[in-house]
Each structure stands twice: as structure tokens, then as C-alpha cells.
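Structure record follows, encoded as C-alpha cells.
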Amino acid sequence: MQAVLYVCHGSRLAKACEEAITFVEQCKMSIDFPIQEICFIELADPDIATGIEICVKKGATSIIVIPILLLAAGHVKQDIPEAIQKARQRYPFLQILLDEPFGIHEKMVSIIIERMMESAVPLHERAMILLVARGSSDPDTKSAMKTIAGMLQQKTNVSRVDVCFLAAAAPSLEDALQAAKQSSYQTIFVVPYLLFTGVLMKKIEQRLRSLTSSDQQWVLCGYLGYHPFLKELIKEKLQKYSRLTIGV
């Protein structure tokens with residue numbers, strides 16, 4: 001039997017894990033696979049090894065691993081493959097296929113725009129956008145964010161879209177905020193490029209609260225969250241596997 005294993009990041013905050021579980025439960029209802037389970041990379045249970053074990057105990061002979069992650073970095077390139085390799089050694093009969101994270105996609109840009117529109121603050125010629133990403137030492141993360149920023153700029157016709165990172169890459173949030181503060185832009189939309197609430201989201205909120213400027217408007221938009229577009233992307237990913245007969 002085929003199984004789908006949704007791999008979420010995990011968080012110390014219970015609310016963040018609850019958001020992930022709720023999203024996966026919604027995905028399950030619209031996806032026709034006999035076995036569907038959730039696991040976490042870190043900071044929450046079950047871990048990947050346990051998630052695979054649960055699938056096997058339910059009769060899985062083939063598992064499609066879907067990373068519920070925004071970009072391909074250390075978790076996708078190292079942590080998840082290492083867990084999969086250990087599982088292959090433990091279960092030689094088991095076929096495990098690892099899919100890609102959400103990555104660069106028009107729908108991701110559409111979610112950003114929707115979060116900005118929710119603020120009810122109009123975009124105008126003296127507005128700029130600051131995308132705040134998690135960050136990674138992997139250069140592909142920085143490259144992907146630059147591409148997403150370019151797509152966003154093209155869609156919104158905003159003259160300036162900056163990218164910054166909360167860790168492991170430059171420019172930092174602090175540097176980007178200072179650059180925006182010193183600019184001539186009247187309105188700065190700050191968009192957390194994060195899937196879920198958590199410590200990093202709270203860090204952005206705290207920093208924005210301490211930022212005062214009499215002649216600039218700072219608009220903190222909502223984080224991306226588990227938007228319905230993400231369910232559509234997952235469904236598209238799994239459609240290619242549903243046509244296969246592996247493990248059936």
C-alpha cells in the first residue's frame with residue numbers, strides 16, 4: 001500500500017504544532033491515499049523515524065515523503081534524507097520517495113500579496129516591501145528568496161522589494177530595517193516569509209513594536225500560514241504519484 005508522510009518542521013510553541021496538525025488533517029480529507037501520517041523534523045513528536053514506522057505498521061510498502069517546508073535547505077538536503085536512509089536500512093522492502101518543498105511558485109507570491117491586502121493599507125508609489133525569511137547557510141535559500149522577491153515586485157509594481165533573514169544569512173532583520181528606515185519610502189510592508197507562528201514570528205513582532213518613526217508607516221503583515229493554496233500544491237504533487245503503481 002502507498003502512504004503519504006507529511007514532514008513538518010516542529011516548534012517549541014504548541015500553537016505552531018497545532019497549526020501544522022490541523023493543516024495536514026485538512027489535506028488528508030482531499031487526498032485519496034490509504035495511509036497518511038504526520039511527523040516533525042525537530043522539537044515535536046512523532047519524529048521522522050517514528051512516522052515511517054507508523055506507516056509500515058499500517059501496511060505501507062511505499063511512502064511518499066512530502067516536506068511541509070518553504071524552501072530547500074539543510075532539513076531537505078540533509079536531515080530528511082538521513083532519516084530516510086536509516087529507514088531503508090531498517091525496512092529493505094520499503095520504497096521511499098522524497099518530494100520537494102513548496103519552493104519558488106506563483107502561488108507562494110499570491111499568498112504574500114493576500115497577506116499584504118489583509119492589512120487594508122493600500123500599496124502606493126512610496127511603499128516598499130520587506131520579506132523576512134528564516135535564513136540558512138545554504139546559498140540556494142538566498143537565491144530562491146531573491147527570485148521570489150523579483151516575482152513579487154513584478155506582480156505588485158512596487159519599486160523596491162528587499163529580502164532579509166532571521167539567521168545564518170545576510171542581510172539581517174536589523175540591517176534591513178535600518179536600511180528601510182533611512183530610505184525615502186513612506187510605507188514599509190514587513191512580510192514574514194514563515195509557515196507558522198513561533199519564536200521567530202515573535203521576534204519580528206517585538207522588533208517592529210520597538211521601531212518608531214514619525215514620518216514612516218510600518219505595516220507588519222501576517223505570516224504565510226497554512227494557506228489553501230498550499231493544499232492545492234500538495235494535491236498537485238501527489239497526483240503524479242497516484243498515477244504510478246509502485247507498491248500496489
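Labels used: A, B, ... for chains in the order of the C-alpha cells, numbers from 1 for residues in each chain, and numbers from 1 for ligands as shown.
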
Do you know which residues are at most 10 Å from stretch 103-107 of chain A counting only C-alpha atoms, after dropping those on the same chain fewer than 4 positions away, and could you put them as a tab-separated table (two decimals) with N, CA and C atoms, in the first residue's frame?
```
chain	number	residue	atom	x	y	z
A	69	LEU	N	7.58	22.39	3.99
A	69	LEU	CA	8.62	23.40	4.20
A	69	LEU	C	8.62	24.36	3.02
A	70	LEU	N	9.07	25.58	3.25
A	70	LEU	CA	9.02	26.59	2.21
A	70	LEU	C	10.11	26.41	1.17
A	71	LEU	N	11.34	26.16	1.61
A	71	LEU	CA	12.48	26.12	0.69
A	71	LEU	C	13.39	24.94	0.98
A	72	ALA	N	14.20	24.61	-0.02
A	72	ALA	CA	15.15	23.51	0.13
A	72	ALA	C	16.42	24.02	0.80
A	111	ILE	N	0.13	34.30	-2.12
A	111	ILE	CA	-0.13	34.30	-0.67
A	111	ILE	C	0.45	35.56	-0.03
A	112	ILE	N	1.66	35.94	-0.44
A	112	ILE	CA	2.28	37.16	0.09
A	112	ILE	C	1.39	38.36	-0.18
A	113	ILE	N	0.91	38.47	-1.40
A	113	ILE	CA	0.06	39.61	-1.77
A	113	ILE	C	-1.22	39.61	-0.96
A	141	THR	N	18.94	29.00	-0.63
A	141	THR	CA	17.86	29.69	0.08
A	141	THR	C	17.86	31.17	-0.28
A	144	ALA	N	16.75	31.63	-3.90
A	144	ALA	CA	15.31	31.43	-4.06
A	144	ALA	C	14.53	32.64	-3.58
A	145	MET	N	14.94	33.20	-2.45
A	145	MET	CA	14.24	34.37	-1.91
A	145	MET	C	14.39	35.58	-2.84
A	147	THR	N	14.63	35.40	-6.06
A	147	THR	CA	13.72	35.11	-7.17
A	147	THR	C	12.29	35.43	-6.79
A	148	ILE	N	11.88	35.00	-5.60
A	148	ILE	CA	10.52	35.27	-5.12
A	148	ILE	C	10.28	36.77	-4.99
A	151	MET	N	9.65	38.16	-8.43
A	151	MET	CA	8.30	37.82	-8.89
A	151	MET	C	7.26	38.71	-8.21
A	152	LEU	N	7.47	38.96	-6.92
A	152	LEU	CA	6.56	39.81	-6.16
A	152	LEU	C	6.59	41.25	-6.68
A	155	LYS	N	4.67	41.47	-9.91
A	155	LYS	CA	3.21	41.35	-9.74
A	155	LYS	C	2.59	42.58	-9.10
A	227	HIS	N	-2.01	28.26	4.11
A	227	HIS	CA	-3.00	28.81	3.17
A	227	HIS	C	-3.59	27.68	2.31
A	229	PHE	N	-3.89	27.55	-0.77
A	229	PHE	CA	-3.04	27.34	-1.94
A	229	PHE	C	-2.02	26.24	-1.69
A	230	LEU	N	-1.57	26.10	-0.45
A	230	LEU	CA	-0.58	25.06	-0.14
A	230	LEU	C	-1.19	23.67	-0.27
A	232	GLU	N	-3.48	22.96	-2.40
A	232	GLU	CA	-3.53	22.75	-3.84
A	232	GLU	C	-2.18	22.28	-4.38
A	233	LEU	N	-1.11	22.89	-3.89
A	233	LEU	CA	0.23	22.49	-4.33
A	233	LEU	C	0.54	21.05	-3.94
```

Would you kindly return, as a VMD selection string, each protein, DNA or RNA residue with an atom no farther than 12 Å from any atom of stretch 5-7 of chain A, considering only C-alpha atoms and excluding same-chain residues fewer than 3 positions away? chain A and resid 2 10 17 20 to 21 23 to 25 27 to 28 33 to 42 44 to 56 60 62 to 70 75 to 76 79 to 81 83 to 84 96 to 101 231 234 238

Output file for the selection above: C-alpha atoms, as a PDB file, in the first residue's frame:
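What landed in result-v6.pdb:
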```
ATOM      1  CA  GLN A   2       1.019   3.563  -0.653  1.00  0.00           C
ATOM      2  CA  GLY A  10       8.184  21.392  14.549  1.00  0.00           C
ATOM      3  CA  CYS A  17       2.418  22.343  16.076  1.00  0.00           C
ATOM      4  CA  ALA A  20       0.610  22.021  11.324  1.00  0.00           C
ATOM      5  CA  ILE A  21      -1.589  19.146  12.506  1.00  0.00           C
ATOM      6  CA  PHE A  23      -3.361  21.702   8.065  1.00  0.00           C
ATOM      7  CA  VAL A  24      -2.353  18.074   7.496  1.00  0.00           C
ATOM      8  CA  GLU A  25      -5.771  16.852   8.639  1.00  0.00           C
ATOM      9  CA  CYS A  27      -5.008  17.776   3.375  1.00  0.00           C
ATOM     10  CA  LYS A  28      -5.944  14.213   4.258  1.00  0.00           C
ATOM     11  CA  PHE A  33      -4.197   7.723  -0.252  1.00  0.00           C
ATOM     12  CA  PRO A  34      -4.918   4.799   2.090  1.00  0.00           C
ATOM     13  CA  ILE A  35      -2.279   5.767   4.669  1.00  0.00           C
ATOM     14  CA  GLN A  36      -1.476   9.368   5.598  1.00  0.00           C
ATOM     15  CA  GLU A  37       0.619  10.365   8.608  1.00  0.00           C
ATOM     16  CA  ILE A  38       2.351  13.432  10.031  1.00  0.00           C
ATOM     17  CA  CYS A  39       5.769  13.770  11.659  1.00  0.00           C
ATOM     18  CA  PHE A  40       8.175  16.524  12.666  1.00  0.00           C
ATOM     19  CA  ILE A  41      11.834  17.201  11.964  1.00  0.00           C
ATOM     20  CA  GLU A  42      12.555  18.555  15.437  1.00  0.00           C
ATOM     21  CA  ALA A  44       7.892  17.819  18.424  1.00  0.00           C
ATOM     22  CA  ASP A  45       6.721  14.215  18.179  1.00  0.00           C
ATOM     23  CA  PRO A  46       6.494  11.938  16.312  1.00  0.00           C
ATOM     24  CA  ASP A  47       9.861  12.285  14.615  1.00  0.00           C
ATOM     25  CA  ILE A  48      10.526  11.095  11.047  1.00  0.00           C
ATOM     26  CA  ALA A  49      11.666   7.602  12.070  1.00  0.00           C
ATOM     27  CA  THR A  50       8.506   7.102  14.119  1.00  0.00           C
ATOM     28  CA  GLY A  51       6.343   8.483  11.319  1.00  0.00           C
ATOM     29  CA  ILE A  52       7.800   5.932   8.902  1.00  0.00           C
ATOM     30  CA  GLU A  53       7.361   3.160  11.476  1.00  0.00           C
ATOM     31  CA  ILE A  54       3.674   4.042  11.897  1.00  0.00           C
ATOM     32  CA  CYS A  55       3.178   3.879   8.113  1.00  0.00           C
ATOM     33  CA  VAL A  56       4.869   0.463   7.935  1.00  0.00           C
ATOM     34  CA  ALA A  60       2.762   0.642   3.774  1.00  0.00           C
ATOM     35  CA  SER A  62       5.759   2.615  -0.450  1.00  0.00           C
ATOM     36  CA  ILE A  63       5.949   6.023   1.248  1.00  0.00           C
ATOM     37  CA  ILE A  64       5.863   9.430  -0.420  1.00  0.00           C
ATOM     38  CA  VAL A  65       7.547  11.951   1.860  1.00  0.00           C
ATOM     39  CA  ILE A  66       6.136  15.469   1.477  1.00  0.00           C
ATOM     40  CA  PRO A  67       8.169  18.194   3.223  1.00  0.00           C
ATOM     41  CA  ILE A  68       5.815  20.882   4.538  1.00  0.00           C
ATOM     42  CA  LEU A  69       8.623  23.397   4.200  1.00  0.00           C
ATOM     43  CA  LEU A  70       9.025  26.594   2.207  1.00  0.00           C
ATOM     44  CA  HIS A  75      16.452  19.969   6.501  1.00  0.00           C
ATOM     45  CA  VAL A  76      15.512  18.921   2.957  1.00  0.00           C
ATOM     46  CA  ASP A  79      18.147  15.834   7.811  1.00  0.00           C
ATOM     47  CA  ILE A  80      15.237  14.246   5.953  1.00  0.00           C
ATOM     48  CA  PRO A  81      17.432  12.188   3.544  1.00  0.00           C
ATOM     49  CA  ALA A  83      16.302   9.726   8.268  1.00  0.00           C
ATOM     50  CA  ILE A  84      15.077   8.116   5.051  1.00  0.00           C
ATOM     51  CA  ILE A  96      10.553   5.784  -0.027  1.00  0.00           C
ATOM     52  CA  LEU A  97      10.214   8.738  -2.388  1.00  0.00           C
ATOM     53  CA  LEU A  98      11.173  12.228  -1.231  1.00  0.00           C
ATOM     54  CA  ASP A  99       9.394  15.140  -2.882  1.00  0.00           C
ATOM     55  CA  GLU A 100      10.393  18.813  -2.941  1.00  0.00           C
ATOM     56  CA  PRO A 101       9.355  21.637  -0.584  1.00  0.00           C
ATOM     57  CA  LYS A 231      -3.159  22.277  -0.095  1.00  0.00           C
ATOM     58  CA  ILE A 234       0.378  19.281  -2.280  1.00  0.00           C
ATOM     59  CA  LEU A 238       0.600  13.774  -5.193  1.00  0.00           C
TER      60      LEU A 238
END
```

Please list as a PyMOL selection string every residue within 10 Å of stretch 124-127 of chain A, counting only C-alpha atoms and excluding residues in the same chain fewer than 2 positions away. chain A and resi 121-122+129+156-161+184-189+216-218

Can you measure atom CA of A:Gln182 to atom CA of A:Asp215 for me? One decimal in Å is fine.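 Result for atom CA of A:Gln182 versus atom CA of A:Asp215: 11.1 Å, one decimal.
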
For stretch 162-175 of chain A, work out the shell of residues within 9 Å, counting only C-alpha atoms and skipping chain neighbours fewer than 5 positions away, then give it as a list in words.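 Here the answer would be Met128, Ile129, Leu130, Leu131, Val132, Ala133, Arg134, Gly135, Ser136, Ser137, Asp138, Pro139, Lys142, Met145, Lys146, Ala149, Ala180, Leu200, Lys203, Ile204 and Arg207 of chain A.
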
Next, write the just-selected residues to a file, as a PDB file, in the first residue's frame, keeping N, CA and C atoms as the atom set.
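To be explicit, this is the file written out as selection32.pdb:
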```
ATOM      1  N   MET A 128       7.308  50.282   0.003  1.00  0.00           N
ATOM      2  CA  MET A 128       8.247  49.205  -0.301  1.00  0.00           C
ATOM      3  C   MET A 128       7.861  47.968   0.502  1.00  0.00           C
ATOM      4  N   ILE A 129       8.431  46.842   0.129  1.00  0.00           N
ATOM      5  CA  ILE A 129       8.130  45.569   0.791  1.00  0.00           C
ATOM      6  C   ILE A 129       9.426  44.972   1.327  1.00  0.00           C
ATOM      7  N   LEU A 130       9.359  44.452   2.542  1.00  0.00           N
ATOM      8  CA  LEU A 130      10.490  43.740   3.139  1.00  0.00           C
ATOM      9  C   LEU A 130      10.050  42.321   3.468  1.00  0.00           C
ATOM     10  N   LEU A 131      10.620  41.355   2.760  1.00  0.00           N
ATOM     11  CA  LEU A 131      10.352  39.942   3.039  1.00  0.00           C
ATOM     12  C   LEU A 131      11.339  39.453   4.092  1.00  0.00           C
ATOM     13  N   VAL A 132      10.813  38.872   5.155  1.00  0.00           N
ATOM     14  CA  VAL A 132      11.660  38.386   6.249  1.00  0.00           C
ATOM     15  C   VAL A 132      11.615  36.859   6.257  1.00  0.00           C
ATOM     16  N   ALA A 133      12.716  36.232   5.857  1.00  0.00           N
ATOM     17  CA  ALA A 133      12.782  34.772   5.775  1.00  0.00           C
ATOM     18  C   ALA A 133      13.549  34.197   6.961  1.00  0.00           C
ATOM     19  N   ARG A 134      13.366  32.910   7.180  1.00  0.00           N
ATOM     20  CA  ARG A 134      14.035  32.219   8.290  1.00  0.00           C
ATOM     21  C   ARG A 134      15.552  32.307   8.161  1.00  0.00           C
ATOM     22  N   GLY A 135      16.066  31.988   6.998  1.00  0.00           N
ATOM     23  CA  GLY A 135      17.506  32.053   6.775  1.00  0.00           C
ATOM     24  C   GLY A 135      18.174  30.697   6.842  1.00  0.00           C
ATOM     25  N   SER A 136      19.263  30.568   6.102  1.00  0.00           N
ATOM     26  CA  SER A 136      20.019  29.314   6.062  1.00  0.00           C
ATOM     27  C   SER A 136      21.399  29.614   5.505  1.00  0.00           C
ATOM     28  N   SER A 137      22.361  28.792   5.879  1.00  0.00           N
ATOM     29  CA  SER A 137      23.702  28.933   5.309  1.00  0.00           C
ATOM     30  C   SER A 137      23.758  28.392   3.882  1.00  0.00           C
ATOM     31  N   ASP A 138      22.705  27.711   3.459  1.00  0.00           N
ATOM     32  CA  ASP A 138      22.632  27.174   2.101  1.00  0.00           C
ATOM     33  C   ASP A 138      22.401  28.327   1.119  1.00  0.00           C
ATOM     34  N   PRO A 139      23.295  28.524   0.146  1.00  0.00           N
ATOM     35  CA  PRO A 139      23.138  29.641  -0.802  1.00  0.00           C
ATOM     36  C   PRO A 139      21.872  29.554  -1.646  1.00  0.00           C
ATOM     37  N   LYS A 142      19.024  31.774  -0.235  1.00  0.00           N
ATOM     38  CA  LYS A 142      19.146  33.198  -0.563  1.00  0.00           C
ATOM     39  C   LYS A 142      18.759  33.452  -2.015  1.00  0.00           C
ATOM     40  N   MET A 145      14.935  33.202  -2.451  1.00  0.00           N
ATOM     41  CA  MET A 145      14.237  34.370  -1.912  1.00  0.00           C
ATOM     42  C   MET A 145      14.385  35.577  -2.836  1.00  0.00           C
ATOM     43  N   LYS A 146      15.528  35.724  -3.463  1.00  0.00           N
ATOM     44  CA  LYS A 146      15.714  36.813  -4.424  1.00  0.00           C
ATOM     45  C   LYS A 146      14.780  36.637  -5.615  1.00  0.00           C
ATOM     46  N   ALA A 149      11.283  37.498  -4.500  1.00  0.00           N
ATOM     47  CA  ALA A 149      11.172  38.955  -4.386  1.00  0.00           C
ATOM     48  C   ALA A 149      10.983  39.596  -5.757  1.00  0.00           C
ATOM     49  N   ALA A 180      15.628  50.376   5.500  1.00  0.00           N
ATOM     50  CA  ALA A 180      14.286  50.859   5.164  1.00  0.00           C
ATOM     51  C   ALA A 180      13.986  52.168   5.890  1.00  0.00           C
ATOM     52  N   LEU A 200      10.378  32.824  16.018  1.00  0.00           N
ATOM     53  CA  LEU A 200      10.855  33.779  15.018  1.00  0.00           C
ATOM     54  C   LEU A 200       9.813  34.845  14.715  1.00  0.00           C
ATOM     55  N   LYS A 203       9.819  37.301  17.434  1.00  0.00           N
ATOM     56  CA  LYS A 203      10.994  38.172  17.340  1.00  0.00           C
ATOM     57  C   LYS A 203      10.715  39.347  16.403  1.00  0.00           C
ATOM     58  N   ILE A 204      10.073  39.059  15.279  1.00  0.00           N
ATOM     59  CA  ILE A 204       9.729  40.123  14.325  1.00  0.00           C
ATOM     60  C   ILE A 204       8.745  41.100  14.962  1.00  0.00           C
ATOM     61  N   ARG A 207      10.459  43.347  17.510  1.00  0.00           N
ATOM     62  CA  ARG A 207      11.341  44.351  16.881  1.00  0.00           C
ATOM     63  C   ARG A 207      10.532  45.472  16.237  1.00  0.00           C
TER      64      ARG A 207
END
```

Give me the residues within 8 Å of stretch 195-199 of chain A as number ranges by chain, counting only C-alpha atoms and dropping any in the same chain fewer than 5 places off. A: 11-13, 15-16, 19-20, 69-70, 223-226

Counting only C-alpha atoms, the option among A:Ala3, A:Leu208, A:Leu220, A:Met201 closest to A:Met117: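 Of A:Ala3, A:Leu208, A:Leu220, A:Met201, the one nearest A:Met117, counting only C-alpha atoms, is A:Leu220.
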
Please run DSSP on the backbone and report, as a ChimeraX atom specification, all residues within stretch 81-218 of chain A that come out as strand (DSSP E). /A:95-98,127-133,161-165,187-193,217-218
